[in-house]
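A.B. asks: Next comes start25.txt, compact mmCIF, N, CA and C atoms:
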```
# COMPACT_ATOMS: atom_id res chain seq x y z
N MET W 1 -14.15 32.22 18.51
CA MET W 1 -15.42 32.34 19.23
C MET W 1 -15.20 31.79 20.64
N ASN W 2 -15.63 32.54 21.64
CA ASN W 2 -15.41 32.09 23.01
C ASN W 2 -16.51 31.13 23.47
N ILE W 3 -16.25 30.47 24.57
CA ILE W 3 -17.15 29.43 25.09
C ILE W 3 -18.52 29.99 25.47
N LYS W 4 -18.55 31.23 25.96
CA LYS W 4 -19.82 31.84 26.36
C LYS W 4 -20.75 31.99 25.16
N LYS W 5 -20.21 32.44 24.03
CA LYS W 5 -21.01 32.60 22.82
C LYS W 5 -21.51 31.25 22.31
N ILE W 6 -20.65 30.24 22.39
CA ILE W 6 -21.04 28.90 21.96
C ILE W 6 -22.19 28.38 22.82
N LEU W 7 -22.11 28.59 24.13
CA LEU W 7 -23.19 28.15 25.02
C LEU W 7 -24.49 28.90 24.73
N TYR W 8 -24.39 30.18 24.44
CA TYR W 8 -25.59 30.94 24.06
C TYR W 8 -26.19 30.41 22.76
N ILE W 9 -25.35 30.07 21.80
CA ILE W 9 -25.85 29.53 20.53
C ILE W 9 -26.54 28.19 20.77
N ILE W 10 -25.95 27.34 21.57
CA ILE W 10 -26.55 26.04 21.88
C ILE W 10 -27.89 26.22 22.59
N ALA W 11 -27.93 27.09 23.60
CA ALA W 11 -29.18 27.35 24.32
C ALA W 11 -30.22 27.97 23.39
N GLY W 12 -29.79 28.84 22.50
CA GLY W 12 -30.71 29.45 21.53
C GLY W 12 -31.29 28.41 20.58
N CYS W 13 -30.47 27.49 20.13
CA CYS W 13 -30.96 26.43 19.24
C CYS W 13 -31.94 25.50 19.96
N ILE W 14 -31.65 25.20 21.22
CA ILE W 14 -32.58 24.38 22.01
C ILE W 14 -33.90 25.12 22.19
N GLY W 15 -33.84 26.41 22.53
CA GLY W 15 -35.05 27.22 22.67
C GLY W 15 -35.83 27.29 21.36
N LEU W 16 -35.12 27.44 20.26
CA LEU W 16 -35.77 27.49 18.95
C LEU W 16 -36.46 26.17 18.64
N GLY W 17 -35.78 25.07 18.92
CA GLY W 17 -36.37 23.75 18.67
C GLY W 17 -37.61 23.51 19.51
N LEU W 18 -37.52 23.82 20.80
CA LEU W 18 -38.68 23.65 21.68
C LEU W 18 -39.80 24.62 21.31
N GLY W 19 -39.44 25.82 20.90
CA GLY W 19 -40.45 26.79 20.46
C GLY W 19 -41.16 26.33 19.21
N ALA W 20 -40.42 25.73 18.28
CA ALA W 20 -41.03 25.20 17.06
C ALA W 20 -41.98 24.06 17.40
N LEU W 21 -41.56 23.19 18.34
CA LEU W 21 -42.46 22.13 18.80
C LEU W 21 -43.71 22.72 19.46
N GLY W 22 -43.49 23.75 20.26
CA GLY W 22 -44.61 24.39 20.95
C GLY W 22 -45.60 25.05 20.00
N ALA W 23 -45.11 25.49 18.86
CA ALA W 23 -46.02 26.09 17.87
C ALA W 23 -46.92 25.03 17.25
N ALA W 24 -46.45 23.77 17.24
CA ALA W 24 -47.22 22.69 16.63
C ALA W 24 -48.03 21.88 17.65
N LEU W 25 -47.50 21.74 18.87
CA LEU W 25 -48.17 20.94 19.89
C LEU W 25 -48.98 21.83 20.82
N PRO W 26 -50.22 21.48 21.09
CA PRO W 26 -51.07 22.35 21.91
C PRO W 26 -50.65 22.44 23.38
N LEU W 27 -49.97 21.43 23.92
CA LEU W 27 -49.64 21.46 25.34
C LEU W 27 -48.36 22.23 25.65
N LEU W 28 -47.46 22.30 24.70
CA LEU W 28 -46.16 22.95 24.91
C LEU W 28 -46.23 24.41 24.45
N PRO W 29 -45.97 25.36 25.34
CA PRO W 29 -46.04 26.77 24.91
C PRO W 29 -44.81 27.17 24.09
N ALA W 30 -45.03 27.85 23.00
CA ALA W 30 -43.93 28.29 22.15
C ALA W 30 -43.27 29.56 22.69
N PHE W 31 -44.07 30.45 23.25
CA PHE W 31 -43.61 31.79 23.61
C PHE W 31 -42.36 31.81 24.50
N PRO W 32 -42.33 31.13 25.66
CA PRO W 32 -41.14 31.26 26.51
C PRO W 32 -39.88 30.70 25.87
N PHE W 33 -40.03 29.64 25.07
CA PHE W 33 -38.85 29.06 24.42
C PHE W 33 -38.34 29.96 23.31
N LEU W 34 -39.24 30.61 22.60
CA LEU W 34 -38.80 31.54 21.56
C LEU W 34 -38.18 32.79 22.17
N MET W 35 -38.68 33.20 23.34
CA MET W 35 -38.04 34.33 24.04
C MET W 35 -36.61 33.94 24.45
N LEU W 36 -36.45 32.70 24.92
CA LEU W 36 -35.12 32.20 25.27
C LEU W 36 -34.22 32.24 24.04
N ALA W 37 -34.73 31.78 22.91
CA ALA W 37 -33.93 31.77 21.69
C ALA W 37 -33.54 33.20 21.29
N ALA W 38 -34.48 34.12 21.36
CA ALA W 38 -34.18 35.51 21.00
C ALA W 38 -33.11 36.09 21.92
N PHE W 39 -33.24 35.84 23.22
CA PHE W 39 -32.27 36.33 24.19
C PHE W 39 -30.88 35.76 23.90
N CYS W 40 -30.81 34.44 23.71
CA CYS W 40 -29.52 33.79 23.50
C CYS W 40 -28.89 34.19 22.17
N PHE W 41 -29.69 34.27 21.11
CA PHE W 41 -29.14 34.68 19.82
C PHE W 41 -28.67 36.13 19.85
N ALA W 42 -29.37 36.99 20.58
CA ALA W 42 -28.95 38.39 20.70
C ALA W 42 -27.62 38.50 21.42
N ARG W 43 -27.37 37.59 22.37
CA ARG W 43 -26.13 37.62 23.13
C ARG W 43 -24.97 36.94 22.40
N SER W 44 -25.29 36.09 21.43
CA SER W 44 -24.24 35.30 20.80
C SER W 44 -23.78 35.84 19.45
N SER W 45 -24.73 36.20 18.61
CA SER W 45 -24.35 36.57 17.25
C SER W 45 -25.41 37.48 16.63
N GLU W 46 -24.97 38.60 16.13
CA GLU W 46 -25.90 39.53 15.48
C GLU W 46 -26.50 38.89 14.23
N LYS W 47 -25.70 38.11 13.54
CA LYS W 47 -26.17 37.43 12.33
C LYS W 47 -27.28 36.43 12.66
N LEU W 48 -27.09 35.62 13.69
CA LEU W 48 -28.12 34.66 14.12
C LEU W 48 -29.37 35.38 14.60
N TYR W 49 -29.19 36.44 15.35
CA TYR W 49 -30.33 37.20 15.88
C TYR W 49 -31.15 37.80 14.73
N ASN W 50 -30.48 38.38 13.76
CA ASN W 50 -31.18 38.96 12.61
C ASN W 50 -31.90 37.88 11.81
N TRP W 51 -31.26 36.72 11.65
CA TRP W 51 -31.91 35.61 10.95
C TRP W 51 -33.17 35.18 11.72
N PHE W 52 -33.04 35.03 13.04
CA PHE W 52 -34.17 34.60 13.86
C PHE W 52 -35.32 35.58 13.77
N ARG W 53 -35.02 36.87 13.78
CA ARG W 53 -36.07 37.89 13.71
C ARG W 53 -36.81 37.88 12.38
N ASN W 54 -36.24 37.28 11.38
CA ASN W 54 -36.91 37.20 10.07
C ASN W 54 -37.65 35.88 9.85
N THR W 55 -37.63 34.98 10.85
CA THR W 55 -38.33 33.71 10.70
C THR W 55 -39.82 33.90 10.96
N LYS W 56 -40.60 32.98 10.41
CA LYS W 56 -42.05 33.02 10.59
C LYS W 56 -42.42 32.79 12.06
N LEU W 57 -41.67 31.94 12.76
CA LEU W 57 -41.92 31.68 14.18
C LEU W 57 -41.84 32.97 14.99
N TYR W 58 -40.80 33.75 14.75
CA TYR W 58 -40.63 35.02 15.46
C TYR W 58 -41.76 35.98 15.13
N LYS W 59 -42.04 36.13 13.86
CA LYS W 59 -43.06 37.10 13.43
C LYS W 59 -44.45 36.73 13.96
N ASN W 60 -44.77 35.44 14.00
CA ASN W 60 -46.09 35.02 14.46
C ASN W 60 -46.24 35.00 15.97
N ASN W 61 -45.15 34.80 16.71
CA ASN W 61 -45.26 34.59 18.14
C ASN W 61 -44.68 35.70 19.01
N LEU W 62 -43.64 36.36 18.57
CA LEU W 62 -42.94 37.32 19.44
C LEU W 62 -42.96 38.77 18.97
N GLU W 63 -43.05 38.98 17.70
CA GLU W 63 -42.83 40.33 17.16
C GLU W 63 -43.70 41.39 17.82
N SER W 64 -44.99 41.13 17.95
CA SER W 64 -45.87 42.15 18.53
C SER W 64 -45.53 42.40 20.00
N TYR W 65 -45.15 41.35 20.73
CA TYR W 65 -44.79 41.52 22.14
C TYR W 65 -43.50 42.32 22.29
N VAL W 66 -42.52 41.99 21.48
CA VAL W 66 -41.22 42.69 21.55
C VAL W 66 -41.38 44.16 21.17
N GLN W 67 -42.26 44.45 20.24
CA GLN W 67 -42.48 45.83 19.81
C GLN W 67 -43.37 46.60 20.77
N GLY W 68 -43.82 45.95 21.86
CA GLY W 68 -44.59 46.63 22.87
C GLY W 68 -46.08 46.68 22.61
N ARG W 69 -46.53 45.97 21.59
CA ARG W 69 -47.96 45.98 21.27
C ARG W 69 -48.74 44.94 22.07
N GLY W 70 -48.06 43.99 22.69
CA GLY W 70 -48.73 42.98 23.50
C GLY W 70 -48.83 41.65 22.80
N MET W 71 -49.78 40.83 23.29
CA MET W 71 -50.00 39.48 22.76
C MET W 71 -51.46 39.33 22.35
N THR W 72 -51.69 38.37 21.49
CA THR W 72 -53.08 38.07 21.15
C THR W 72 -53.71 37.35 22.34
N LYS W 73 -55.03 37.46 22.45
CA LYS W 73 -55.74 36.78 23.53
C LYS W 73 -55.52 35.28 23.45
N LYS W 74 -55.49 34.75 22.24
CA LYS W 74 -55.29 33.31 22.04
C LYS W 74 -53.95 32.87 22.63
N THR W 75 -52.89 33.63 22.38
CA THR W 75 -51.57 33.29 22.91
C THR W 75 -51.56 33.38 24.42
N LYS W 76 -52.14 34.43 24.96
CA LYS W 76 -52.18 34.59 26.42
C LYS W 76 -52.93 33.44 27.08
N ILE W 77 -54.08 33.09 26.52
CA ILE W 77 -54.88 32.00 27.10
C ILE W 77 -54.14 30.68 26.99
N ARG W 78 -53.49 30.44 25.87
CA ARG W 78 -52.73 29.20 25.69
C ARG W 78 -51.61 29.09 26.72
N ILE W 79 -50.91 30.18 26.96
CA ILE W 79 -49.84 30.17 27.95
C ILE W 79 -50.41 29.92 29.34
N MET W 80 -51.49 30.60 29.69
CA MET W 80 -52.08 30.44 31.02
C MET W 80 -52.60 29.02 31.24
N ILE W 81 -53.22 28.43 30.23
CA ILE W 81 -53.72 27.06 30.37
C ILE W 81 -52.57 26.08 30.53
N THR W 82 -51.54 26.23 29.71
CA THR W 82 -50.40 25.32 29.79
C THR W 82 -49.72 25.40 31.15
N VAL W 83 -49.48 26.60 31.62
CA VAL W 83 -48.83 26.77 32.92
C VAL W 83 -49.72 26.21 34.03
N THR W 84 -51.01 26.43 33.94
CA THR W 84 -51.93 25.91 34.95
C THR W 84 -51.88 24.38 34.98
N LEU W 85 -51.91 23.76 33.81
CA LEU W 85 -51.85 22.30 33.76
C LEU W 85 -50.53 21.76 34.32
N LEU W 86 -49.44 22.36 33.91
CA LEU W 86 -48.14 21.89 34.38
C LEU W 86 -47.95 22.13 35.88
N MET W 87 -48.39 23.27 36.36
CA MET W 87 -48.24 23.56 37.78
C MET W 87 -49.19 22.70 38.62
N SER W 88 -50.31 22.32 38.07
CA SER W 88 -51.23 21.46 38.83
C SER W 88 -50.63 20.08 39.03
N VAL W 89 -49.84 19.61 38.07
CA VAL W 89 -49.14 18.33 38.25
C VAL W 89 -48.17 18.44 39.42
N GLY W 90 -47.40 19.51 39.47
CA GLY W 90 -46.48 19.73 40.60
C GLY W 90 -47.23 19.89 41.91
N PHE W 91 -48.37 20.57 41.85
CA PHE W 91 -49.17 20.77 43.05
C PHE W 91 -49.65 19.44 43.62
N VAL W 92 -50.13 18.56 42.74
CA VAL W 92 -50.60 17.24 43.17
C VAL W 92 -49.44 16.41 43.72
N MET W 93 -48.30 16.48 43.08
CA MET W 93 -47.13 15.69 43.51
C MET W 93 -46.57 16.18 44.85
N MET W 94 -46.87 17.40 45.23
CA MET W 94 -46.37 17.95 46.49
C MET W 94 -47.40 17.81 47.60
N GLY W 95 -48.17 16.75 47.56
CA GLY W 95 -49.21 16.54 48.55
C GLY W 95 -48.71 16.54 49.98
N SER W 96 -47.50 16.05 50.21
CA SER W 96 -46.98 15.99 51.57
C SER W 96 -46.04 17.16 51.89
N VAL W 97 -45.98 18.14 50.99
CA VAL W 97 -45.11 19.30 51.20
C VAL W 97 -45.97 20.57 51.11
N PRO W 98 -46.61 20.93 52.21
CA PRO W 98 -47.52 22.09 52.16
C PRO W 98 -46.84 23.39 51.77
N VAL W 99 -45.61 23.59 52.17
CA VAL W 99 -44.90 24.83 51.81
C VAL W 99 -44.70 24.89 50.30
N GLY W 100 -44.37 23.75 49.70
CA GLY W 100 -44.20 23.69 48.25
C GLY W 100 -45.50 24.03 47.53
N ARG W 101 -46.60 23.53 48.06
CA ARG W 101 -47.90 23.84 47.46
C ARG W 101 -48.22 25.33 47.56
N ILE W 102 -47.89 25.93 48.68
CA ILE W 102 -48.13 27.36 48.86
C ILE W 102 -47.30 28.18 47.88
N VAL W 103 -46.03 27.80 47.73
CA VAL W 103 -45.15 28.50 46.79
C VAL W 103 -45.69 28.37 45.36
N LEU W 104 -46.05 27.15 44.97
CA LEU W 104 -46.59 26.94 43.63
C LEU W 104 -47.88 27.73 43.41
N ALA W 105 -48.73 27.75 44.40
CA ALA W 105 -49.98 28.50 44.28
C ALA W 105 -49.70 29.99 44.11
N CYS W 106 -48.76 30.52 44.87
CA CYS W 106 -48.41 31.95 44.75
C CYS W 106 -47.83 32.26 43.37
N VAL W 107 -46.93 31.41 42.90
CA VAL W 107 -46.35 31.62 41.57
C VAL W 107 -47.44 31.56 40.50
N TRP W 108 -48.36 30.61 40.65
CA TRP W 108 -49.45 30.48 39.68
C TRP W 108 -50.33 31.73 39.68
N VAL W 109 -50.70 32.22 40.86
CA VAL W 109 -51.55 33.41 40.96
C VAL W 109 -50.85 34.61 40.33
N PHE W 110 -49.57 34.82 40.63
CA PHE W 110 -48.86 35.96 40.05
C PHE W 110 -48.72 35.81 38.54
N HIS W 111 -48.54 34.59 38.06
CA HIS W 111 -48.46 34.34 36.63
C HIS W 111 -49.77 34.73 35.94
N ILE W 112 -50.88 34.30 36.50
CA ILE W 112 -52.19 34.61 35.93
C ILE W 112 -52.44 36.12 35.96
N ILE W 113 -52.13 36.75 37.08
CA ILE W 113 -52.32 38.21 37.19
C ILE W 113 -51.47 38.94 36.16
N TYR W 114 -50.21 38.52 36.01
CA TYR W 114 -49.32 39.18 35.05
C TYR W 114 -49.87 39.08 33.63
N PHE W 115 -50.23 37.87 33.21
CA PHE W 115 -50.70 37.71 31.84
C PHE W 115 -52.09 38.32 31.62
N ALA W 116 -52.93 38.30 32.64
CA ALA W 116 -54.26 38.87 32.48
C ALA W 116 -54.24 40.40 32.46
N PHE W 117 -53.42 41.00 33.32
CA PHE W 117 -53.45 42.46 33.46
C PHE W 117 -52.15 43.17 33.06
N GLY W 118 -51.03 42.48 33.07
CA GLY W 118 -49.75 43.13 32.80
C GLY W 118 -49.34 43.13 31.34
N VAL W 119 -49.86 42.19 30.56
CA VAL W 119 -49.51 42.11 29.14
C VAL W 119 -50.69 42.62 28.33
N LYS W 120 -50.43 43.58 27.48
CA LYS W 120 -51.49 44.18 26.67
C LYS W 120 -52.02 43.18 25.64
N ASN W 121 -53.27 43.36 25.28
CA ASN W 121 -53.88 42.56 24.21
C ASN W 121 -53.68 43.26 22.87
N CYS W 122 -53.37 42.49 21.87
CA CYS W 122 -53.35 43.03 20.51
C CYS W 122 -54.08 42.04 19.62
N GLU W 123 -54.69 42.52 18.61
CA GLU W 123 -55.44 41.65 17.68
C GLU W 123 -55.18 42.06 16.28
```
Go through the file and emit its structure as structure tokens.
C.D. replies:
Amino acid sequence: MNIKKILYIIAGCIGLGLGALGAALPLLPAFPFLMLAAFCFARSSEKLYNWFRNTKLYKNNLESYVQGRGMTKKTKIRIMITVTLLMSVGFVMMGSVPVGRIVLACVWVFHIIYFAFGVKNCE
């Protein structure tokens, strides 16, 4: 096994762990970490990727999005609230860096627009 595959497996396991925490903790979003895990497992091992796709975490959080059906409103709102809270901390900390605040504000606006209008709702 080459070093690249090992690094993908490690990153996938970290993403899986953080995604599992995110599924239980209201402040930590599960979705981006589980997407990281899916990406890394797909690049590292077909066996790991197939195992991951059969887990309850994958089926509850990613399956509908990956199949093109979209996300539930609850998941979208949870992601938007979490990102807003985390970015507001950065925004406050960049009080003396106006350019940083502008960049964060732009990223936040595009994030909200993407999740509100770019990702389909499924129920």
A.B. asks: Between W:Asn50, W:Asn2, W:Thr55, W:Asn61, which residue has the minimum interatomic distance to Met35 (chain W), considering only C-alpha atoms?
C.D. replies: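 Among the listed residues, the smallest separation from Met35 (chain W) belongs to W:Asn61.
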A.B. asks: Could you tell me how far CA of Phe33 (chain W) lies from CA of Phe91 (chain W), in Å and to one decimal?
C.D. replies: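 Computing it gives 22.9 Å between the two atoms.
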A.B. asks: Hey, which of W:Ile14, W:Ala37, W:Val97, W:Cys122 ends up closest to Phe52 (chain W)? Count only N, CA and C atoms.
C.D. replies: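 That would be W:Ala37, the residue with the smallest distance to Phe52 (chain W).
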A.B. asks: Using only C-alpha atoms, what does the table of region 50-82 of chain W residues within 12 Å of region 98-110 of chain W look like, with each row giving the shortest atom pair and its distance in Å to one decimal, sorted by chain and ascending number, as a tab-separated table?
C.D. replies:
```
residue	atom	partner	partner_atom	distance
W:Ile79	CA	W:Trp108	CA	11.7
W:Met80	CA	W:Trp108	CA	9.1
W:Ile81	CA	W:Trp108	CA	10.8
W:Thr82	CA	W:Trp108	CA	11.2
```
A.B. asks: Work out how far CA of Ala30 (chain W) is from CA of Leu86 (chain W), in Å to one decimal.
C.D. replies: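 CA of Leu86 (chain W) sits 14.4 Å away from CA of Ala30 (chain W).
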A.B. asks: At a cut-off of 7 Å, using only C-alpha atoms, what residues contact Val119 (chain W)? Leave out same-chain residues fewer than 5 positions from it and give the result as a VMD selection string.
C.D. replies: chain W and resid 70 to 71 114
A.B. asks: To one decimal place, how far is CA of Ser45 (chain W) from atom C of Ile6 (chain W) in Å?
C.D. replies: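 Going from CA of Ser45 (chain W) over to atom C of Ile6 (chain W), I get 10.1 Å.
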